[in-house]
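K.L.:
coords_22.cif is the file, holding mmCIF, C-alpha atoms and all ligand atoms:
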data_final
#
loop_
_atom_site.label_atom_id
_atom_site.label_comp_id
_atom_site.auth_asym_id
_atom_site.auth_seq_id
_atom_site.Cartn_x
_atom_site.Cartn_y
_atom_site.Cartn_z
CA MET A 1 86.45 86.21 60.31
CA ARG A 2 85.04 85.54 63.79
CA LEU A 3 86.98 87.33 66.56
CA PHE A 4 86.57 87.53 70.33
CA ASP A 5 87.99 90.25 72.61
CA SER A 6 88.58 88.42 75.89
CA HIS A 7 89.37 91.52 77.93
CA CYS A 8 88.73 95.25 77.65
CA HIS A 9 87.37 98.20 79.63
CA LEU A 10 84.62 99.84 77.58
CA GLU A 11 82.98 101.42 80.64
CA GLU A 12 86.00 103.68 81.08
CA GLU A 13 85.74 107.43 80.52
CA ALA A 14 87.91 107.14 77.42
CA PHE A 15 84.82 105.79 75.63
CA ASP A 16 82.20 108.22 76.98
CA GLU A 17 82.06 110.16 73.72
CA ASP A 18 81.67 107.31 71.25
CA ARG A 19 81.06 104.02 73.08
CA GLU A 20 78.24 102.86 70.79
CA GLU A 21 80.32 103.60 67.71
CA VAL A 22 83.28 101.66 69.14
CA ILE A 23 81.04 98.65 69.71
CA ARG A 24 79.59 98.99 66.20
CA ARG A 25 83.09 99.11 64.70
CA ALA A 26 84.00 96.02 66.72
CA VAL A 27 81.04 94.09 65.32
CA GLN A 28 81.79 95.28 61.78
CA SER A 29 85.37 94.04 62.13
CA GLY A 30 84.18 90.54 63.04
CA ILE A 31 84.06 90.66 66.85
CA VAL A 32 81.33 88.24 67.91
CA GLY A 33 81.92 88.74 71.63
CA LEU A 34 83.87 90.85 74.07
CA VAL A 35 84.27 90.86 77.84
CA THR A 36 84.43 94.28 79.45
CA SER A 37 85.83 94.39 82.98
CA PRO A 38 84.99 97.20 85.40
CA ILE A 39 87.68 97.36 88.11
CA TYR A 40 86.00 99.93 90.37
CA PRO A 41 82.60 99.32 92.03
CA GLU A 42 81.27 102.65 90.73
CA ASP A 43 81.83 101.52 87.11
CA VAL A 44 79.84 98.30 87.46
CA PRO A 45 76.37 99.70 86.61
CA LYS A 46 77.73 101.32 83.45
CA ALA A 47 79.38 98.07 82.35
CA LEU A 48 76.23 96.05 83.06
CA SER A 49 74.15 98.51 81.02
CA LEU A 50 76.22 97.57 77.94
CA ARG A 51 75.37 93.87 78.15
CA GLY A 52 73.91 92.29 75.03
CA ASP A 53 74.56 89.64 72.41
CA VAL A 54 78.13 90.85 71.93
CA VAL A 55 79.06 92.60 75.19
CA HIS A 56 79.63 90.46 78.28
CA VAL A 57 80.79 91.63 81.70
CA SER A 58 83.36 90.45 84.24
CA ILE A 59 83.53 92.23 87.61
CA GLY A 60 86.93 92.76 89.24
CA LEU A 61 88.91 95.18 91.38
CA ASP A 62 92.09 97.14 90.71
CA VAL A 63 94.89 95.67 92.85
CA ALA A 64 95.75 99.20 94.04
CA GLU A 65 92.44 99.10 95.98
CA TYR A 66 93.12 95.85 97.86
CA GLY A 67 94.07 97.75 101.02
CA ASP A 68 90.62 99.36 101.12
CA GLU A 69 88.32 96.85 102.80
CA ASP A 70 85.20 98.84 101.86
CA GLU A 71 86.07 98.62 98.16
CA VAL A 72 86.86 94.90 98.46
CA ARG A 73 83.53 94.23 100.21
CA ARG A 74 81.55 96.35 97.74
CA THR A 75 83.12 94.43 94.86
CA ILE A 76 82.29 91.06 96.42
CA GLU A 77 78.71 92.22 97.05
CA LEU A 78 78.38 93.36 93.42
CA ILE A 79 79.68 90.01 92.17
CA LEU A 80 77.18 88.15 94.36
CA GLU A 81 74.32 90.46 93.41
CA HIS A 82 75.02 90.19 89.66
CA GLN A 83 76.32 86.61 89.51
CA ASP A 84 73.78 85.61 86.86
CA GLU A 85 74.68 88.58 84.65
CA ILE A 86 78.47 88.23 84.67
CA VAL A 87 80.60 85.72 82.76
CA ALA A 88 83.65 85.87 85.05
CA ILE A 89 85.34 87.38 88.09
CA GLY A 90 88.24 89.71 87.28
CA GLU A 91 90.46 91.19 86.52
CA VAL A 92 91.84 90.33 89.94
CA GLY A 93 95.36 89.25 90.87
CA LEU A 94 98.66 90.59 92.11
CA ASP A 95 100.65 93.66 91.10
CA TYR A 96 104.10 93.95 92.64
CA LYS A 97 104.71 97.26 90.90
CA VAL A 98 101.74 98.64 92.83
CA ALA A 99 103.11 96.95 96.00
CA ARG A 100 105.93 99.52 96.09
CA ASN A 101 103.53 102.32 97.07
CA GLY A 102 100.21 100.55 97.52
CA PRO A 103 98.92 97.44 99.28
CA PRO A 104 101.82 95.18 100.31
CA LYS A 105 102.30 91.75 98.75
CA GLU A 106 100.80 89.78 101.65
CA LYS A 107 97.69 91.97 101.70
CA GLN A 108 97.32 91.53 97.93
CA LYS A 109 97.54 87.77 98.27
CA GLU A 110 94.94 87.69 101.02
CA VAL A 111 92.41 89.61 98.90
CA PHE A 112 93.31 87.68 95.75
CA ARG A 113 92.60 84.42 97.61
CA ARG A 114 89.15 85.71 98.57
CA PHE A 115 88.33 86.36 94.91
CA ILE A 116 89.58 82.91 93.92
CA SER A 117 87.41 81.29 96.61
CA LEU A 118 84.44 83.29 95.40
CA ALA A 119 85.05 82.12 91.82
CA ARG A 120 85.10 78.52 93.04
CA GLU A 121 81.92 79.02 95.07
CA LEU A 122 80.05 80.61 92.16
CA ASP A 123 81.71 78.38 89.56
CA LYS A 124 82.96 81.32 87.49
CA PRO A 125 86.10 81.69 85.37
CA LEU A 126 88.80 84.05 86.68
CA VAL A 127 90.40 86.85 84.63
CA ILE A 128 93.86 87.44 86.06
CA HIS A 129 96.07 90.52 86.36
CA SER A 130 99.72 89.69 87.10
CA ARG A 131 102.11 92.63 86.66
CA TRP A 132 105.62 91.88 87.94
CA ALA A 133 104.08 88.91 89.76
CA GLN A 134 103.53 86.15 87.20
CA ARG A 135 105.10 83.36 89.23
CA PRO A 136 103.38 84.29 92.54
CA VAL A 137 100.03 84.57 90.74
CA LEU A 138 100.42 81.10 89.24
CA ARG A 139 101.39 79.66 92.63
CA VAL A 140 98.41 81.18 94.45
CA LEU A 141 96.00 80.04 91.72
CA ASP A 142 97.42 76.54 91.86
CA GLU A 143 97.36 76.34 95.69
CA MET A 144 93.76 77.48 95.70
CA GLY A 145 92.70 74.97 93.06
CA ALA A 146 91.48 77.60 90.59
CA GLU A 147 89.73 75.96 87.65
CA THR A 148 89.02 78.12 84.60
CA VAL A 149 91.67 80.83 84.39
CA ILE A 150 92.31 83.49 81.73
CA LEU A 151 95.73 85.09 82.21
CA HIS A 152 95.13 88.59 80.86
CA ALA A 153 98.07 90.30 79.11
CA PHE A 154 100.35 87.66 80.55
CA GLY A 155 104.04 88.57 80.75
CA GLY A 156 105.56 85.40 82.17
CA THR A 157 108.43 83.26 80.94
CA PRO A 158 107.97 80.25 78.64
CA ALA A 159 108.20 78.08 81.80
CA ASP A 160 105.34 80.09 83.36
CA VAL A 161 103.28 79.62 80.20
CA GLU A 162 103.96 75.90 80.36
CA PHE A 163 102.84 75.81 84.01
CA ALA A 164 99.55 77.48 83.02
CA VAL A 165 98.99 75.35 79.93
CA GLU A 166 99.55 72.15 81.91
CA ARG A 167 96.66 73.19 84.15
CA GLY A 168 94.39 73.92 81.21
CA TRP A 169 94.46 77.69 81.77
CA TYR A 170 94.24 80.23 78.95
CA VAL A 171 96.86 82.80 77.99
CA SER A 172 95.38 86.05 76.66
CA VAL A 173 97.52 87.87 74.09
CA PRO A 174 96.93 91.65 73.85
CA THR A 175 97.00 93.84 70.74
CA ASN A 176 100.39 95.34 71.66
CA VAL A 177 101.92 92.03 70.56
CA VAL A 178 102.80 93.87 67.34
CA ARG A 179 105.33 96.03 69.21
CA SER A 180 106.29 94.17 72.42
CA SER A 181 109.03 91.56 72.22
CA ASN A 182 107.98 90.21 75.62
CA VAL A 183 104.41 89.64 74.49
CA GLN A 184 105.76 88.02 71.32
CA LYS A 185 107.79 85.64 73.47
CA VAL A 186 104.67 84.67 75.43
CA ALA A 187 102.70 84.18 72.19
CA ARG A 188 105.42 81.93 70.77
CA ALA A 189 105.34 79.78 73.93
CA THR A 190 101.54 79.50 73.99
CA PRO A 191 99.94 76.66 72.01
CA LEU A 192 96.97 77.79 69.91
CA GLU A 193 94.57 75.57 71.82
CA ARG A 194 95.23 77.65 74.98
CA MET A 195 95.42 81.11 73.39
CA VAL A 196 92.77 83.82 73.49
CA LEU A 197 93.02 87.38 72.16
CA GLU A 198 92.30 90.66 73.93
CA SER A 199 92.57 94.38 73.30
CA ASP A 200 92.68 95.62 76.94
CA SER A 201 91.12 98.78 75.47
CA PRO A 202 91.65 101.65 76.02
CA VAL A 203 95.30 100.68 76.62
CA LEU A 204 97.83 98.40 74.85
CA ALA A 205 96.97 99.63 71.33
CA PRO A 206 99.07 98.45 68.38
CA ASN A 207 100.10 102.10 68.05
CA PRO A 208 101.10 103.31 71.55
CA MET A 209 100.02 106.88 70.73
CA GLU A 210 96.42 105.85 70.10
CA ARG A 211 93.46 104.86 72.24
CA ASN A 212 92.87 101.15 71.79
CA GLU A 213 89.56 99.60 70.79
CA PRO A 214 88.35 96.01 70.26
CA SER A 215 88.38 96.26 66.43
CA ASN A 216 92.20 96.45 66.63
CA ILE A 217 92.21 92.69 67.21
CA THR A 218 92.09 92.50 63.39
CA VAL A 219 95.66 93.88 63.52
CA SER A 220 96.99 91.48 66.16
CA VAL A 221 95.35 88.44 64.57
CA LYS A 222 97.30 89.00 61.34
CA TYR A 223 100.54 89.57 63.21
CA LEU A 224 100.03 86.47 65.36
CA ALA A 225 99.09 84.29 62.41
CA ASP A 226 102.43 85.20 60.87
CA LEU A 227 104.28 84.56 64.13
CA LYS A 228 102.61 81.17 64.62
CA GLY A 229 102.80 80.23 60.93
CA VAL A 230 99.05 79.66 60.55
CA ASP A 231 96.24 81.11 58.47
CA PRO A 232 94.68 84.25 60.07
CA GLU A 233 91.20 82.71 59.58
CA ASP A 234 92.25 79.63 61.52
CA LEU A 235 93.86 81.62 64.31
CA ALA A 236 90.71 83.78 64.59
CA GLU A 237 88.46 80.74 64.68
CA ILE A 238 90.53 78.80 67.24
CA THR A 239 90.97 81.72 69.63
CA THR A 240 87.27 82.61 69.34
CA GLU A 241 86.25 79.05 70.12
CA ASN A 242 88.68 79.04 73.07
CA ALA A 243 87.12 82.22 74.45
CA LEU A 244 83.57 80.89 74.02
CA THR A 245 84.63 77.76 75.92
CA ALA A 246 86.51 79.64 78.65
CA TYR A 247 83.62 82.04 79.28
CA ARG A 248 81.03 79.27 78.82
CA LEU A 249 79.19 81.20 76.14
CA ARG A 250 78.60 78.31 73.84
CA GLY A 251 75.03 77.97 72.66
CA SER A 252 74.06 81.29 74.21
ZN ZN B 1 92.69 95.28 81.80
#
Is it possible to express this structure as structure tokens?
Ligand SMILES: [Zn+2]
P.N.:
Amino acid sequence: MRLFDSHCHLEEEAFDEDREEVIRRAVQSGIVGLVTSPIYPEDVPKALSLRGDVVHVSIGLDVAEYGDEDEVRRTIELILEHQDEIVAIGEVGLDYKVARNGPPKEKQKEVFRRFISLARELDKPLVIHSRWAQRPVLRVLDEMGAETVILHAFGGTPADVEFAVERGWYVSVPTNVVRSSNVQKVARATPLERMVLESDSPVLAPNPMERNEPSNITVSVKYLADLKGVDPEDLAEITTENALTAYRLRGS
């Protein structure tokens, strides 16, 4: 079975003790590629050091930092500096839960638009964070003419999914699909040809008490195959091909 983890955070401290082993387990479980996404400038070198045949990198910034112009500028500089080494920009987006105590909605949108423009300029896919802000995220992406979009751990309504699918964007289903009725709803609404799989490691594990890791996609792929009424092999193959297309990794 060929699997692809479209979004995780292997540079995080949670993996400092056994990162190599986690990657080895991922490969043993069938993961042919994964995209790790540092969301703080200081984590970028660590993420880039993991790059190889299986590990790819996308540079983003935590929405909670969007009020800090220095962090925003550093992130943009890192993206420009490493544009040939990264497969995407993100995760970036909007987070209206964070807006309660962090950067206000308008500030978030302004910074989000800068990242979308940068993705257009550099012709890179965007990996999108959209907590409590699915509709606004879709609107901003659409207004800005975003092209290749991967909606990470998307929590929108079936109508939101339809909006994304109509534009050729991808919906990324996390491993907690096995226990989240909302994620299950999104998965049901997403056609296979627009679905990719992610772990979002170290979070969103199938078992909420455990640290997540990419190899857990073997759990979600079985669950999703059942939910979609398809063979797990087929679901693995289709979602892997989708990810290779989205991240433009074909033939590499
Ligand atoms: Zn994430």
K.L.:
Taking (86.8, 93.1, 70.2) as a centre in this file's frame and 7 Å as the limit, can you find every polymer residue with an atom that close, using all atoms listed in the file, and give them as a list in words?
P.N.:
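Output: Leu3, Phe4, Asp5, Ala26, Ile31, Gly33, Leu34, Ser199, Pro214, Ser215 and Ile217 of chain A.
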K.L.:
Can you spit out the residues from that selection as a PDB file, keeping the file's coordinate frame, using C-alpha atoms?
P.N.:
ATOM      1  CA  LEU A   3      86.980  87.330  66.560  1.00  0.00           C
ATOM      2  CA  PHE A   4      86.570  87.530  70.330  1.00  0.00           C
ATOM      3  CA  ASP A   5      87.990  90.250  72.610  1.00  0.00           C
ATOM      4  CA  ALA A  26      84.000  96.020  66.720  1.00  0.00           C
ATOM      5  CA  ILE A  31      84.060  90.660  66.850  1.00  0.00           C
ATOM      6  CA  GLY A  33      81.920  88.740  71.630  1.00  0.00           C
ATOM      7  CA  LEU A  34      83.870  90.850  74.070  1.00  0.00           C
ATOM      8  CA  SER A 199      92.570  94.380  73.300  1.00  0.00           C
ATOM      9  CA  PRO A 214      88.350  96.010  70.260  1.00  0.00           C
ATOM     10  CA  SER A 215      88.380  96.260  66.430  1.00  0.00           C
ATOM     11  CA  ILE A 217      92.210  92.690  67.210  1.00  0.00           C
TER      12      ILE A 217
END
K.L.:
Do you know which residues lie at most 12 Å from (94.2, 76.2, 79.9), with coordinates as in the file and all atoms listed in the file counted, and could you write them as a PyMOL selection string?
P.N.:
chain A and resi 125-126+146-151+161-172+190-196+242-243+245-246
K.L.:
Between A:Gly229, A:Pro41, A:Val127, A:Glu121, which is the closest to A:Gly145 once you count only C-alpha atoms?
P.N.:
A:Glu121
K.L.:
Once you count all atoms listed in the file, which residues end up within 12 Å of ligand ZN 1 (chain B), and could you hand them over as a ChimeraX atom specification?
P.N.:
/A:5-12,35-40,58-63,90-93,127-131,150-154,172-175,198-204,212
K.L.:
For the residues in that selection, give me C-alpha atoms as a JSON list (two decimals), keeping the file's coordinate frame.
P.N.:
[["chain", "number", "residue", "atom", "x", "y", "z"],
["A", 5, "ASP", "CA", 87.99, 90.25, 72.61],
["A", 6, "SER", "CA", 88.58, 88.42, 75.89],
["A", 7, "HIS", "CA", 89.37, 91.52, 77.93],
["A", 8, "CYS", "CA", 88.73, 95.25, 77.65],
["A", 9, "HIS", "CA", 87.37, 98.20, 79.63],
["A", 10, "LEU", "CA", 84.62, 99.84, 77.58],
["A", 11, "GLU", "CA", 82.98, 101.42, 80.64],
["A", 12, "GLU", "CA", 86.00, 103.68, 81.08],
["A", 35, "VAL", "CA", 84.27, 90.86, 77.84],
["A", 36, "THR", "CA", 84.43, 94.28, 79.45],
["A", 37, "SER", "CA", 85.83, 94.39, 82.98],
["A", 38, "PRO", "CA", 84.99, 97.20, 85.40],
["A", 39, "ILE", "CA", 87.68, 97.36, 88.11],
["A", 40, "TYR", "CA", 86.00, 99.93, 90.37],
["A", 58, "SER", "CA", 83.36, 90.45, 84.24],
["A", 59, "ILE", "CA", 83.53, 92.23, 87.61],
["A", 60, "GLY", "CA", 86.93, 92.76, 89.24],
["A", 61, "LEU", "CA", 88.91, 95.18, 91.38],
["A", 62, "ASP", "CA", 92.09, 97.14, 90.71],
["A", 63, "VAL", "CA", 94.89, 95.67, 92.85],
["A", 90, "GLY", "CA", 88.24, 89.71, 87.28],
["A", 91, "GLU", "CA", 90.46, 91.19, 86.52],
["A", 92, "VAL", "CA", 91.84, 90.33, 89.94],
["A", 93, "GLY", "CA", 95.36, 89.25, 90.87],
["A", 127, "VAL", "CA", 90.40, 86.85, 84.63],
["A", 128, "ILE", "CA", 93.86, 87.44, 86.06],
["A", 129, "HIS", "CA", 96.07, 90.52, 86.36],
["A", 130, "SER", "CA", 99.72, 89.69, 87.10],
["A", 131, "ARG", "CA", 102.11, 92.63, 86.66],
["A", 150, "ILE", "CA", 92.31, 83.49, 81.73],
["A", 151, "LEU", "CA", 95.73, 85.09, 82.21],
["A", 152, "HIS", "CA", 95.13, 88.59, 80.86],
["A", 153, "ALA", "CA", 98.07, 90.30, 79.11],
["A", 154, "PHE", "CA", 100.35, 87.66, 80.55],
["A", 172, "SER", "CA", 95.38, 86.05, 76.66],
["A", 173, "VAL", "CA", 97.52, 87.87, 74.09],
["A", 174, "PRO", "CA", 96.93, 91.65, 73.85],
["A", 175, "THR", "CA", 97.00, 93.84, 70.74],
["A", 198, "GLU", "CA", 92.30, 90.66, 73.93],
["A", 199, "SER", "CA", 92.57, 94.38, 73.30],
["A", 200, "ASP", "CA", 92.68, 95.62, 76.94],
["A", 201, "SER", "CA", 91.12, 98.78, 75.47],
["A", 202, "PRO", "CA", 91.65, 101.65, 76.02],
["A", 203, "VAL", "CA", 95.30, 100.68, 76.62],
["A", 204, "LEU", "CA", 97.83, 98.40, 74.85],
["A", 212, "ASN", "CA", 92.87, 101.15, 71.79]]
K.L.:
Could you check the closest approach to A:Glu20 for each of A:Glu213, A:Asp226, A:Arg74, A:Arg188 and tell me which residue wins, using all atoms listed in the file?
P.N.:
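Among the listed residues, the smallest separation from A:Glu20 belongs to A:Glu213.
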K.L.:
Looking at all atoms listed in the file, which of A:Gly52, A:Ala236, A:Gln134, A:Arg139 is the one that sits closest to A:Val186?
P.N.:
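Among the listed residues, A:Gln134 lies closest to A:Val186.
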K.L.:
One decimal, in Å: what's the spacing between atom CA of A:Ile79 and atom CA of A:Ala64?
P.N.:
18.6 Å
K.L.:
Using only C-alpha atoms, which protein or nucleic acid residues come within 12 Å of A:Lys107? Drop anything in the same chain fewer than 3 positions from it, and give the result as a PyMOL selection string.
P.N.:
chain A and resi 63-69+72+93-96+98-99+102-104+110-114
K.L.:
Pick from A:Asp231, A:Glu71, A:Glu143, A:Glu21: nearest to A:Lys109, with all atoms listed in the file counted?
P.N.:
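Looking at the shortest contact to A:Lys109, the residue is A:Glu143.
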K.L.:
Suppose you want the space between atom CA of A:Val32 and atom CA of A:Arg2; what is it in Å?
P.N.:
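That distance, rounded to one decimal, is 6.2 Å.
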K.L.:
Which value, in Å to one decimal, gives the distance between atom CA of A:Lys222 and atom CA of A:Val54?
P.N.:
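Answer for the atom CA of A:Lys222 to atom CA of A:Val54 separation: 22.0 Å.
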K.L.:
Quick one: 6 Å padding each side, axis-aligned, all listed atoms of stretch 135-154 of chain A - centre and edge lengths in Å to one decimal, as AutoDock Vina command-line options?
P.N.:
--center_x 97.1 --center_y 82.6 --center_z 87.4 --size_x 28.1 --size_y 27.3 --size_z 28.6
K.L.:
Determine, counting all atoms listed in the file, which protein, DNA and RNA residues have an atom within 10 Å of an atom of A:Leu227; residues of the same chain fewer than 3 positions away are not included. Present the result as a PyMOL selection string.
P.N.:
chain A and resi 178+184+187-188+221-224+230
K.L.:
Just write the chosen residues, C-alpha atoms, as a PDB file, in the frame of the given file.
P.N.:
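Saved result, result.pdb, follows:
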ATOM      1  CA  VAL A 178     102.800  93.870  67.340  1.00  0.00           C
ATOM      2  CA  GLN A 184     105.760  88.020  71.320  1.00  0.00           C
ATOM      3  CA  ALA A 187     102.700  84.180  72.190  1.00  0.00           C
ATOM      4  CA  ARG A 188     105.420  81.930  70.770  1.00  0.00           C
ATOM      5  CA  VAL A 221      95.350  88.440  64.570  1.00  0.00           C
ATOM      6  CA  LYS A 222      97.300  89.000  61.340  1.00  0.00           C
ATOM      7  CA  TYR A 223     100.540  89.570  63.210  1.00  0.00           C
ATOM      8  CA  LEU A 224     100.030  86.470  65.360  1.00  0.00           C
ATOM      9  CA  VAL A 230      99.050  79.660  60.550  1.00  0.00           C
TER      10      VAL A 230
END
K.L.:
Ranking A:Asn176, A:Thr239, A:Thr218, A:Thr75 by minimum distance to A:Gly30 and counting only C-alpha atoms, which one comes first?
P.N.:
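Ranking A:Asn176, A:Thr239, A:Thr218, A:Thr75 by distance to A:Gly30, first place goes to A:Thr218.
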K.L.:
Please, could N, CA and C atoms be added to stretch 5-30 of chain A and the result written as a compact mmCIF listing (two decimals), in the coordinates of the input?
P.N.:
# COMPACT_ATOMS: atom_id res chain seq x y z
N ASP A 5 87.13 89.43 71.75
CA ASP A 5 87.99 90.25 72.61
C ASP A 5 87.78 89.81 74.06
N SER A 6 88.74 89.04 74.57
CA SER A 6 88.58 88.42 75.89
C SER A 6 88.72 89.37 77.06
N HIS A 7 89.18 90.60 76.80
CA HIS A 7 89.37 91.52 77.93
C HIS A 7 89.52 92.96 77.46
N CYS A 8 88.62 93.81 77.93
CA CYS A 8 88.73 95.25 77.65
C CYS A 8 87.97 96.02 78.72
N HIS A 9 88.01 97.34 78.62
CA HIS A 9 87.37 98.20 79.63
C HIS A 9 86.54 99.28 78.94
N LEU A 10 85.44 98.88 78.35
CA LEU A 10 84.62 99.84 77.58
C LEU A 10 83.84 100.81 78.45
N GLU A 11 83.71 100.50 79.76
CA GLU A 11 82.98 101.42 80.64
C GLU A 11 83.83 102.64 81.00
N GLU A 12 85.12 102.59 80.68
CA GLU A 12 86.00 103.68 81.08
C GLU A 12 85.66 104.98 80.35
N GLU A 13 86.02 106.09 81.03
CA GLU A 13 85.74 107.43 80.52
C GLU A 13 86.24 107.65 79.09
N ALA A 14 87.31 106.98 78.75
CA ALA A 14 87.91 107.14 77.42
C ALA A 14 86.90 106.85 76.31
N PHE A 15 85.82 106.15 76.65
CA PHE A 15 84.82 105.79 75.63
C PHE A 15 83.50 106.54 75.81
N ASP A 16 83.46 107.53 76.71
CA ASP A 16 82.20 108.22 76.98
C ASP A 16 81.63 108.92 75.75
N GLU A 17 82.52 109.39 74.88
CA GLU A 17 82.06 110.16 73.72
C GLU A 17 81.49 109.29 72.59
N ASP A 18 82.01 108.08 72.46
CA ASP A 18 81.67 107.31 71.25
C ASP A 18 81.54 105.81 71.49
N ARG A 19 81.11 105.44 72.71
CA ARG A 19 81.06 104.02 73.08
C ARG A 19 80.26 103.17 72.09
N GLU A 20 79.09 103.65 71.70
CA GLU A 20 78.24 102.86 70.79
C GLU A 20 78.94 102.64 69.45
N GLU A 21 79.61 103.69 69.00
CA GLU A 21 80.32 103.60 67.71
C GLU A 21 81.47 102.59 67.79
N VAL A 22 82.16 102.60 68.94
CA VAL A 22 83.28 101.66 69.14
C VAL A 22 82.76 100.23 69.09
N ILE A 23 81.61 100.00 69.72
CA ILE A 23 81.04 98.65 69.71
C ILE A 23 80.59 98.27 68.29
N ARG A 24 80.01 99.25 67.58
CA ARG A 24 79.59 98.99 66.20
C ARG A 24 80.79 98.64 65.32
N ARG A 25 81.88 99.40 65.48
CA ARG A 25 83.09 99.11 64.70
C ARG A 25 83.63 97.72 65.03
N ALA A 26 83.54 97.35 66.31
CA ALA A 26 84.00 96.02 66.72
C ALA A 26 83.21 94.95 65.98
N VAL A 27 81.90 95.08 65.97
CA VAL A 27 81.04 94.09 65.32
C VAL A 27 81.33 94.05 63.82
N GLN A 28 81.49 95.23 63.22
CA GLN A 28 81.79 95.28 61.78
C GLN A 28 83.12 94.60 61.45
N SER A 29 84.06 94.64 62.40
CA SER A 29 85.37 94.04 62.13
C SER A 29 85.38 92.53 62.38
N GLY A 30 84.26 91.99 62.86
CA GLY A 30 84.18 90.54 63.04
C GLY A 30 84.12 90.08 64.49
